[in-house]
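Here the structure is laid out as structure tokens; the discussion comes afterwards.
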Amino acid sequence: MGFNPKHSERMNEELKKIEQEVNELTSKLTELKKEIHKVIVGQEEVLDQIIVSMLASGHILVEGMPGLAKTLMIKSISQALSLNFKRIQFTPDLMPTDILGTEVIEEDEHGHKKFKYNKGPIFSNIVLADEINRTPPKTQAALLEVMQEYSVTYGGTEYAMDKPFFILATQNPVEQSGTFPLPEAQTDRFLLYVLIGYPTESEESQILKQTTGKKPEPIKAVMTGEDLIKLQKYTREVHIEDELIDKVSKLVRLSRPESSSVEEVKNYVDFGAGPRAGQAIILASKAHALLQGRLAVTPKDITSVTYPAMRHRIMLNFRAESEGIITDQVIKELINTAKL
């Protein structure tokens, strides 16, 4: 079949429309961040990683000390996105039904009794699972099943989650007494594992001024759930060169001590990352590129998401713990060896 210039023109017009829509949507992401910074001081990297997870249709595990505005940040995001938000406080006595919901007996106008499923707080667009490591494994598993399946099965009936659907789980690194750490197979379900640190000196002064003075302006909704769903679709279509995919594959494979040439891996790693780590890095790097207003992945996108995508997928051994080696040090060597 020969070249048809009309087909080419039509294709160029469609590409221009797509590019225009992507530009409009990414400009809304900039507005989203501005709205959130009305109440959140600093934490730019953490905010970017949360947005990256949402664009990549993934969930995120956040670890940080109490009082670092984890709840306020995710609630602010839900307000700026005009999405439903629910916070579930995980406690040792929390049961699966407290999350998923339960059946109750109802009587209709004719006096007939029937079971009705009352949906639990998990049925929301954005769910904050606060201190997930303080609840028993059975309840953790109920939450993680919803994360994987995007639905709840109760009484033989499947109830799909509304989209977009996003879970941000937090855990406290200090309180270990009475906690139930997430097994490695369950932490692997999170796209990213983010560490929140203390604010800088100037940021802390600004926080004190902002939170002890007059109330900040209310957060305006600048995006909709439909906008986010479109962005999730475009995230998948962001281009990444085969050469970069090969480097990601190499990086993940180098994390496995049985076949690695990296000394830090051989000495300090018990178990390396599985294929899901590579999937997480590529999807998150595509989302990071889109967040920056680009439609192609660069090495910088990959390195920016590799730490949160890998740190919960590499298991260090006792020697690493005794010598004070942390996972991020091993990841740094992996990035250098893979030449990213």
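Going by the structure tokens order, chains are called A, B, ..., each with residues numbered from 1, while ligands are numbered from 1 in the order shown.
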Next on the checklist: Env of segment 184-194 of chain A: 10 Å cut, atoms = only C-alpha atoms, seq-sep filter 5 positions within chain, self excluded. Answer as an MDAnalysis selection string.
Outcome noted: chainID A and resid 45:46 49:50 52:54 56:64 140:141 144:145 147:148 167:170 273:274 276:277 279:281 283:284 305:315
Just-selected residues, C-alpha atoms written as a compact mmCIF listing (two decimals), in the first residue's frame:
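Once written, out-v9.txt looks like this:
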```txt
# COMPACT_ATOMS: atom_id res chain seq x y z
CA GLU A 45 10.10 14.81 46.84
CA VAL A 46 7.55 12.92 48.94
CA GLN A 49 6.44 10.27 44.70
CA ILE A 50 2.83 10.11 45.90
CA VAL A 52 3.89 9.33 40.66
CA SER A 53 2.25 6.35 42.40
CA MET A 54 -1.21 7.66 41.55
CA ALA A 56 1.14 4.72 37.71
CA SER A 57 -2.05 3.27 39.27
CA GLY A 58 -0.04 1.93 42.20
CA HIS A 59 -0.20 2.06 45.99
CA ILE A 60 2.42 3.54 48.28
CA LEU A 61 3.91 2.67 51.68
CA VAL A 62 5.19 5.65 53.69
CA GLU A 63 7.42 5.46 56.73
CA GLY A 64 8.07 8.44 58.96
CA GLN A 140 -3.43 -6.72 56.82
CA ALA A 141 -4.12 -9.50 54.31
CA LEU A 144 -3.72 -6.15 50.62
CA GLU A 145 -6.14 -8.42 48.75
CA MET A 147 -5.09 -3.60 46.67
CA GLN A 148 -4.31 -6.44 44.30
CA ILE A 167 -4.09 3.31 49.08
CA LEU A 168 -1.44 5.10 51.07
CA ALA A 169 -0.29 3.03 54.04
CA THR A 170 1.88 4.46 56.80
CA ALA A 273 14.35 -8.08 43.94
CA GLY A 274 11.94 -9.96 41.67
CA ARG A 276 7.89 -6.77 39.92
CA ALA A 277 10.69 -4.37 40.90
CA GLN A 279 7.87 -3.23 36.42
CA ALA A 280 7.60 -0.71 39.27
CA ILE A 281 10.71 1.20 38.16
CA LEU A 283 5.95 2.49 35.38
CA ALA A 284 7.08 4.97 38.03
CA VAL A 305 12.26 6.37 41.36
CA THR A 306 14.70 3.46 41.81
CA TYR A 307 15.23 3.99 45.53
CA PRO A 308 11.52 3.94 46.55
CA ALA A 309 10.81 1.17 44.02
CA MET A 310 13.62 -1.10 45.28
CA ARG A 311 14.17 -0.48 49.01
CA HIS A 312 11.33 -2.80 50.13
CA ARG A 313 12.26 -5.48 47.61
CA ILE A 314 15.84 -6.14 48.76
CA MET A 315 16.31 -8.13 51.98
```
Next on the checklist: For segment 286-299 of chain A, find every residue with an atom within 7 Å (counting only C-alpha atoms), except residues of its own chain fewer than 2 positions away, and show them as a list in words.
Outcome noted: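 Skipping anything fewer than 2 positions along the chain leaves Asn23, Thr26, Val52, Leu55, Ala56, Thr235, Val238, His239, Ile240, Ile282, Leu283, Ala284, Asp301, Ile302, Thr303 and Leu340 of chain A.
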Checklist entry - So how many Å separate atom CA of Val269 of chain A and atom CA of Arg256 of chain A, to one decimal? => result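 Atom CA of Arg256 of chain A lies 7.6 Å from atom CA of Val269 of chain A.
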Next on the checklist: Using Å and a single decimal, report how far atom CA of Thr224 of chain A sits from atom CA of Ala129 of chain A.
Outcome noted: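 That distance, rounded to one decimal, is 22.4 Å.
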Checklist outcome for this item: If you count only C-alpha atoms, the residue of A:Leu228, A:Ile74, A:Ala142, A:Val265 closest to Val22 of chain A turns out to be A:Leu228
Next on the checklist: I need the strand (DSSP E) residues of segment 111-340 of chain A per DSSP on the backbone, written as a PyMOL selection string.
Outcome noted: chain A and resi 113-119+126-130+151-154+157-160+166-171+192-195+269-271+315-316
